[in-house]
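Remarks on the structure that follows.
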Amino acid sequence: MTGVDMRKIYKFYPIEPAPSPDDLPTGGDIYYECKDCGQIVLSVPRIKSACECGNLAGQGGKLTVKDPVKVTVVRGKLK
Ligand SMILES: [Zn+2]
């Protein structure tokens, strides 16, 4: 858990058209919003990151997505 509300720091824009759950993009400005718990996690987390319900979890640049269908891919921009 990051303990930080990413929405206070970044503005998030859904990527259109929505990427296929089978082939989610990754990148330094690509974030995944969990549709179950609503939390946002960076697609390439350097530090240990996870959403509240555990659908998204990772560290060291790799994120494991348990159920990609429950993910909204968004691009984050610093406010
Ligand atoms: Zn979640």
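If you're wondering about the labels, chains in the structure tokens are A, B, ... by order shown, residues count from 1 in each chain, ligands from 1 in order shown.
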
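Every residue of range 3-74 of chain A found in helix (DSSP H, G or I) when DSSP is run on the backbone appears here: Met6, Arg7, Lys8, Pro68, Val69 and Lys70 of chain A.
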
Using C-alpha atoms, can you write the selected residues to a file as a PDB file, in the first residue's frame?
```
ATOM      1  CA  MET A   6      -2.260   9.738  -6.103  1.00  0.00           C
ATOM      2  CA  ARG A   7      -5.151  11.947  -7.171  1.00  0.00           C
ATOM      3  CA  LYS A   8      -3.813  14.735  -4.957  1.00  0.00           C
ATOM      4  CA  PRO A  68      -6.900  -7.272 -16.028  1.00  0.00           C
ATOM      5  CA  VAL A  69     -10.604  -6.879 -16.831  1.00  0.00           C
ATOM      6  CA  LYS A  70     -10.951  -4.905 -13.576  1.00  0.00           C
TER       7      LYS A  70
END
```

Taking only C-alpha atoms and all ligand atoms into account, list the residues no farther than 7 Å from ligand 1, as a PyMOL selection string. chain A and resi 34-39+51-56

Please produce a file of the residues just selected, as an mmCIF file, in the first residue's frame, where the atoms kept are N, CA, C and O atoms.
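Contents of out.cif, freshly written:
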```
data_model
loop_
_atom_site.group_PDB
_atom_site.id
_atom_site.type_symbol
_atom_site.label_atom_id
_atom_site.label_comp_id
_atom_site.auth_asym_id
_atom_site.auth_seq_id
_atom_site.Cartn_x
_atom_site.Cartn_y
_atom_site.Cartn_z
ATOM 1 N N CYS A 34 -7.829 0.477 -10.335
ATOM 2 C CA CYS A 34 -8.532 -0.762 -10.013
ATOM 3 C C CYS A 34 -10.028 -0.464 -9.940
ATOM 4 O O CYS A 34 -10.456 0.424 -9.213
ATOM 5 N N LYS A 35 -10.802 -1.219 -10.712
ATOM 6 C CA LYS A 35 -12.246 -0.970 -10.733
ATOM 7 C C LYS A 35 -12.917 -1.486 -9.469
ATOM 8 O O LYS A 35 -14.048 -1.116 -9.169
ATOM 9 N N ASP A 36 -12.250 -2.376 -8.746
ATOM 10 C CA ASP A 36 -12.839 -2.910 -7.519
ATOM 11 C C ASP A 36 -12.715 -1.932 -6.354
ATOM 12 O O ASP A 36 -13.684 -1.625 -5.687
ATOM 13 N N CYS A 37 -11.514 -1.433 -6.105
ATOM 14 C CA CYS A 37 -11.303 -0.589 -4.923
ATOM 15 C C CYS A 37 -11.044 0.866 -5.283
ATOM 16 O O CYS A 37 -11.013 1.717 -4.401
ATOM 17 N N GLY A 38 -10.856 1.164 -6.589
ATOM 18 C CA GLY A 38 -10.729 2.550 -7.017
ATOM 19 C C GLY A 38 -9.345 3.140 -6.843
ATOM 20 O O GLY A 38 -9.132 4.310 -7.135
ATOM 21 N N GLN A 39 -8.385 2.349 -6.366
ATOM 22 C CA GLN A 39 -7.053 2.894 -6.157
ATOM 23 C C GLN A 39 -6.248 2.865 -7.445
ATOM 24 O O GLN A 39 -6.505 2.066 -8.349
ATOM 25 N N CYS A 51 -2.846 -2.118 -4.688
ATOM 26 C CA CYS A 51 -4.124 -1.494 -4.406
ATOM 27 C C CYS A 51 -4.749 -2.207 -3.207
ATOM 28 O O CYS A 51 -4.294 -3.273 -2.783
ATOM 29 N N GLU A 52 -5.773 -1.612 -2.690
ATOM 30 C CA GLU A 52 -6.350 -2.070 -1.423
ATOM 31 C C GLU A 52 -6.866 -3.507 -1.480
ATOM 32 O O GLU A 52 -6.696 -4.279 -0.543
ATOM 33 N N CYS A 53 -7.477 -3.883 -2.595
ATOM 34 C CA CYS A 53 -8.084 -5.212 -2.679
ATOM 35 C C CYS A 53 -7.100 -6.269 -3.164
ATOM 36 O O CYS A 53 -7.418 -7.447 -3.190
ATOM 37 N N GLY A 54 -5.897 -5.856 -3.583
ATOM 38 C CA GLY A 54 -4.881 -6.826 -3.965
ATOM 39 C C GLY A 54 -4.918 -7.240 -5.429
ATOM 40 O O GLY A 54 -4.147 -8.094 -5.844
ATOM 41 N N ASN A 55 -5.797 -6.621 -6.213
ATOM 42 C CA ASN A 55 -5.837 -6.942 -7.638
ATOM 43 C C ASN A 55 -4.544 -6.511 -8.330
ATOM 44 O O ASN A 55 -4.064 -7.174 -9.243
ATOM 45 N N LEU A 56 -3.994 -5.391 -7.869
ATOM 46 C CA LEU A 56 -2.749 -4.867 -8.427
ATOM 47 C C LEU A 56 -1.679 -4.898 -7.351
ATOM 48 O O LEU A 56 -1.889 -4.394 -6.249
#
```

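For Asp23 in chain A, the residues within 12 Å (counting only C-alpha atoms, excluding itself and residues fewer than 2 positions away along the chain) are Ala18, Pro19, Ser20, Pro21, Pro25, Thr26, Val65, Pro68, Val69, Val71 and Val73 of chain A.
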
From the DSSP assignment of the backbone, select every residue of chain A that is strand (DSSP E), and format the answer as a ChimeraX atom specification. /A:10-14,30-34,40-42,49-50,56-59,62-65,71-78

Residue selection dump (C-alpha atoms) as a short mmCIF file (atom, residue, chain, number, x, y, z; two decimals), in the first residue's frame:
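The file below, part-v3.cif, is the result:
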```cif
data_model
loop_
_atom_site.label_atom_id
_atom_site.label_comp_id
_atom_site.auth_asym_id
_atom_site.auth_seq_id
_atom_site.Cartn_x
_atom_site.Cartn_y
_atom_site.Cartn_z
CA TYR A 10 -1.64 13.76 -10.46
CA LYS A 11 -4.49 14.30 -12.84
CA PHE A 12 -5.54 11.08 -14.57
CA TYR A 13 -6.90 10.73 -18.07
CA PRO A 14 -8.31 7.42 -19.38
CA ILE A 30 0.84 4.89 -17.35
CA TYR A 31 -1.22 4.01 -14.29
CA TYR A 32 -3.84 1.37 -13.60
CA GLU A 33 -7.01 2.25 -11.77
CA CYS A 34 -8.53 -0.76 -10.01
CA ILE A 40 -4.43 3.89 -8.69
CA VAL A 41 -1.07 2.13 -9.04
CA LEU A 42 1.80 2.96 -11.41
CA SER A 49 2.90 -0.85 -4.46
CA ALA A 50 -0.49 -2.45 -4.27
CA LEU A 56 -2.75 -4.87 -8.43
CA ALA A 57 0.56 -5.53 -6.69
CA GLY A 58 4.18 -5.11 -7.63
CA GLN A 59 7.61 -3.63 -7.13
CA LYS A 62 6.94 -5.09 -12.45
CA LEU A 63 3.25 -5.02 -11.65
CA THR A 64 1.17 -8.17 -11.30
CA VAL A 65 -2.47 -7.81 -12.32
CA VAL A 71 -8.39 -2.31 -14.63
CA THR A 72 -8.82 1.09 -16.23
CA VAL A 73 -5.62 2.26 -17.92
CA VAL A 74 -5.01 5.95 -17.32
CA ARG A 75 -2.26 8.43 -18.07
CA GLY A 76 -1.06 10.56 -15.18
CA LYS A 77 0.07 14.16 -15.42
CA LEU A 78 1.45 16.19 -12.54
#
```

Provide the CA of Gly61 in chain A to CA of Pro17 in chain A distance in Å, to one decimal place. 24.7 Å
